[in-house]
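Peer 1: Below is the structure I would like to discuss, written out as structure tokens.
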Amino acid sequence: MQISELAERAGVTVKAVRYYESLGLVVPDRLSNGYRDYGDEHVRAVAEIRELAAVGIAPSKATPFIECLGTGHIHSDECPASLAAYRDGIADLDHAIATLTARRDLLARRLDESALRGFPDAPPTPPADFTALPSGLPRPVDDGAADHLPGMALPPLVLPATDGRTVDLSRLGGPASGSARSIVYLYPLTGRPGVDLPDGWDAIPGARGCSTEACDFRDHFDDLRTAGVDAVFGLSSQTRDYQRELVDRLQLPFAMISDPQHRVADALRLPTFIAGGERLYSRLTLVVRDGAIEHAFYPIFPPNTHAQQVLTWLRENPLA
């Protein structure tokens with residue numbers, strides 16, 4: 001048969017057959033006119049090379065198997081040299097796995113270190129026409145989705161928190177005398193080391209930055225308390241166990257509230273968005289006093305300095 005027929009029967013390209021010939025794996029007969037002539041044994045050899053490649057034996061290392069078939073064996077791995085090639089293949093995979101594992105561990109460790117380190121307190125002031133962070137993250141725009149919130153009472157919803165207790169939102173914001181405020185910052189999704197974020201996450205305005213926002217509230221927690229805040233909570237649709245990992249990893253001095261059913265969003269008509277097939281909270285912060293929303297921050301950008309923005313507002317609007 002001609003090379004084109006061999007390639008078709010074996011399910012490969014003519015170029016692949018040429019490559020196998022260059023490795024000495026396929027040696028065709030020659031007709032009187034000098035043309036190559038292939039037989040069924042060549043079809044069997046090419047099919048064997050394909051099967052070996054599928055399990056990690058490259059064509060360049062398939063010689064022992066093809067030679068085993070050439071000596072009349074039914075199976076290509078019945079010869080001692082074939083078994084040795086298997087062992088070499090396993091050793092190569094073990095080395096590759098060890099290398100990739102070490103590289104992954106290094107990346108995870110650097111991710112943890114970076115998350116704990118946070119961002120500088122005073123980043124450079126961007127120019128007036130600046131619309132994205134240096135990393136290229138898009139800036140969210142104010143679509144008016146939070147304009148209705150100031151003055152609204154928080155609903156009497158009781159939600160679980162990462163410290164083991166439940167939180168009644170309607171009771172936040174200090175006693176009736178108005179001696180304190182509570183801060184509830186809503187965020188979409190925090191990443192976890194070794195777990196991919198939804199596809200296109202960086203392209204969603206205001207999506208990235210949840211961990212750095214948490215770090216900023218952590219780093220300014222004492223300042224917020226001094227400014228009259230009795231409690232700080234993060235709130236998202238993630239489960240309490242997922243949030244607890246973040247609290248432990250970032251050593252947050254405050255608890256997170258879990259709302260996987262989006263009960264708060266539905267009650268207050270809060271902005272949400274869809275990513276990775278999940279409904280997530282848009283980034284938004286509420287200043288709560290006597291169970292009602294005194295002020296709402298929305299949109300929030302950049303998130304890594306947002307706690308300082310809240311602190312500035314509290315100092316400019318002190319409690320009587």
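Following the order of the structure tokens, chains are lettered A, B, ..., residues in each are numbered from 1, and ligands are numbered from 1.
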For Val229 (chain A), find every residue with an atom within 7 Å (counting only C-alpha atoms), except residues of its own chain fewer than 4 positions away, and show them as a VMD selection string.
Peer 2: chain A and resid 180 to 182 224 to 225
Peer 1: Would you pick out the contacts of Gly24 (chain A) at 12 Å or less, using only C-alpha atoms, so that residues sharing its chain but fewer than 6 positions from it are not included, and give the list as a list in words?
Peer 2: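 In the requested format, the answer is Val17, Arg18, His42, Ala45, Val46, Pro59, Ser60, Lys61, Ala62, Thr63, Pro64, Ile66 and Glu67 of chain A.
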Peer 1: Using only C-alpha atoms, which of A:Val26, A:Val167, A:Ala296, A:Val288 sits nearest Gly144 (chain A)?
Peer 2: A:Ala296
Peer 1: At what distance in Å, to one decimal, does CA of Thr285 (chain A) lie from CA of Phe297 (chain A)?
Peer 2: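 Separating CA of Phe297 (chain A) from CA of Thr285 (chain A) is a distance of 5.0 Å.
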Peer 1: May I have a table of the residues of region 39-101 of chain A lying at most 12 Å from region 4-11 of chain A, giving each one's closest pair of atoms and their distance in Å to one decimal, counting only C-alpha atoms, ordered by chain and ascending residue number, as a tab-separated table?
Peer 2:
residue	atom	partner	partner_atom	distance
A:Gly39	CA	A:Leu6	CA	8.1
A:Asp40	CA	A:Leu6	CA	8.5
A:Glu41	CA	A:Leu6	CA	10.3
A:His42	CA	A:Leu6	CA	7.7
A:Val43	CA	A:Ala10	CA	5.6
A:Arg44	CA	A:Ala10	CA	7.7
A:Ala45	CA	A:Ala10	CA	9.0
A:Val46	CA	A:Ala10	CA	6.3
A:Ala47	CA	A:Ala10	CA	5.6
A:Glu48	CA	A:Ala10	CA	9.4
A:Ile49	CA	A:Ala10	CA	10.0
A:Arg50	CA	A:Ala10	CA	8.8
A:Glu51	CA	A:Ala10	CA	11.0
Peer 1: Where does DSSP see helix (DSSP H, G or I) in region 57-226 of chain A, if you list the residues as a PyMOL selection string?
Peer 2: chain A and resi 59-61+63-70+80-117+169-171+201-203+210-219+221-226
Peer 1: Let's have the selection written as a compact mmCIF listing (two decimals), in the first residue's frame, with C-alpha atoms.
Peer 2:
# COMPACT_ATOMS: atom_id res chain seq x y z
CA PRO A 59 7.70 7.87 19.63
CA SER A 60 11.38 8.56 20.23
CA LYS A 61 11.29 5.93 22.99
CA THR A 63 11.89 1.39 19.60
CA PRO A 64 11.89 -1.53 22.14
CA PHE A 65 8.19 -2.09 21.60
CA ILE A 66 8.36 -2.06 17.78
CA GLU A 67 11.37 -4.38 17.86
CA CYS A 68 9.43 -6.73 20.14
CA LEU A 69 6.64 -6.93 17.57
CA GLY A 70 9.22 -7.47 14.85
CA PRO A 80 12.51 -7.27 28.69
CA ALA A 81 13.50 -4.08 26.85
CA SER A 82 9.85 -3.01 26.73
CA LEU A 83 9.47 -3.48 30.47
CA ALA A 84 12.59 -1.38 31.02
CA ALA A 85 11.06 1.36 28.84
CA TYR A 86 7.93 1.27 31.02
CA ARG A 87 10.06 1.75 34.12
CA ASP A 88 11.90 4.65 32.49
CA GLY A 89 8.57 6.25 31.57
CA ILE A 90 7.32 5.96 35.14
CA ALA A 91 10.54 7.50 36.45
CA ASP A 92 10.15 10.43 34.03
CA LEU A 93 6.58 10.99 35.21
CA ASP A 94 7.59 10.83 38.87
CA HIS A 95 10.22 13.49 38.22
CA ALA A 96 7.73 15.70 36.37
CA ILE A 97 5.14 15.31 39.14
CA ALA A 98 7.69 16.19 41.81
CA THR A 99 8.79 19.26 39.85
CA LEU A 100 5.22 20.47 39.29
CA THR A 101 4.27 19.82 42.92
CA ALA A 102 7.23 21.84 44.16
CA ARG A 103 6.34 24.66 41.76
CA ARG A 104 2.69 24.63 42.89
CA ASP A 105 3.70 24.69 46.58
CA LEU A 106 5.96 27.66 45.90
CA LEU A 107 3.17 29.57 44.16
CA ALA A 108 0.69 28.78 46.94
CA ARG A 109 3.19 29.93 49.57
CA ARG A 110 3.86 33.19 47.73
CA LEU A 111 0.10 33.72 47.36
CA ASP A 112 -0.40 33.32 51.10
CA GLU A 113 2.49 35.64 51.89
CA SER A 114 1.20 38.28 49.50
CA ALA A 115 -2.36 38.08 50.86
CA LEU A 116 -1.13 38.55 54.42
CA ARG A 117 1.12 41.42 53.43
CA LEU A 169 -29.04 42.44 61.03
CA SER A 170 -31.86 44.57 62.44
CA ARG A 171 -30.00 44.88 65.74
CA TRP A 201 -12.95 37.35 36.72
CA ASP A 202 -10.46 40.17 36.12
CA ALA A 203 -12.64 41.58 33.33
CA CYS A 210 -11.80 40.88 48.03
CA SER A 211 -8.84 39.52 50.00
CA THR A 212 -6.97 42.83 49.87
CA GLU A 213 -10.14 44.65 50.98
CA ALA A 214 -10.37 42.32 53.97
CA CYS A 215 -6.72 43.01 54.78
CA ASP A 216 -7.36 46.76 54.72
CA PHE A 217 -10.27 46.40 57.17
CA ARG A 218 -8.01 44.19 59.32
CA ASP A 219 -5.16 46.70 59.31
CA PHE A 221 -9.79 47.71 62.59
CA ASP A 222 -8.55 49.51 65.72
CA ASP A 223 -8.85 52.90 63.99
CA LEU A 224 -12.44 52.11 63.04
CA ARG A 225 -13.26 51.18 66.64
CA THR A 226 -11.74 54.45 67.83
Peer 1: If you run DSSP over the backbone, which residues in region 100-278 of chain A end up strand (DSSP E or B)? Put them as a count of residues only.
Peer 2: 35
Peer 1: Fewer than 4 positions away in the same chain doesn't count, so skip those; otherwise give me all residues within 10 Å of Gly209 (chain A), counting only C-alpha atoms, as number ranges by chain.
Peer 2: A: 137, 187-191, 202, 213-215, 283, 301-304
Peer 1: With C-alpha atoms retained, could you export that selection as a short mmCIF file (atom, residue, chain, number, x, y, z; two decimals), in the first residue's frame?
Peer 2:
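Result file follows (selection_33.cif):
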data_model
loop_
_atom_site.label_atom_id
_atom_site.label_comp_id
_atom_site.auth_asym_id
_atom_site.auth_seq_id
_atom_site.Cartn_x
_atom_site.Cartn_y
_atom_site.Cartn_z
CA LEU A 137 -8.48 45.97 36.28
CA TYR A 187 -18.08 41.46 48.63
CA PRO A 188 -18.52 38.95 45.78
CA LEU A 189 -15.97 36.17 46.21
CA THR A 190 -12.64 35.56 47.92
CA GLY A 191 -10.09 33.31 46.29
CA ASP A 202 -10.46 40.17 36.12
CA GLU A 213 -10.14 44.65 50.98
CA ALA A 214 -10.37 42.32 53.97
CA CYS A 215 -6.72 43.01 54.78
CA ARG A 283 -18.99 45.20 46.25
CA PHE A 301 -12.60 51.30 43.83
CA PRO A 302 -9.88 50.47 44.55
CA PRO A 303 -10.86 47.87 47.17
CA ASN A 304 -7.42 47.62 48.78
#
Peer 1: Could you give me, as a VMD selection string, the residues within 12 Å of Leu154 (chain A), counting only C-alpha atoms and dropping anything in the same chain fewer than 2 positions from it?
Peer 2: chain A and resid 149 to 152 156 to 158 167 to 173 182 184 263 to 270 286 to 294
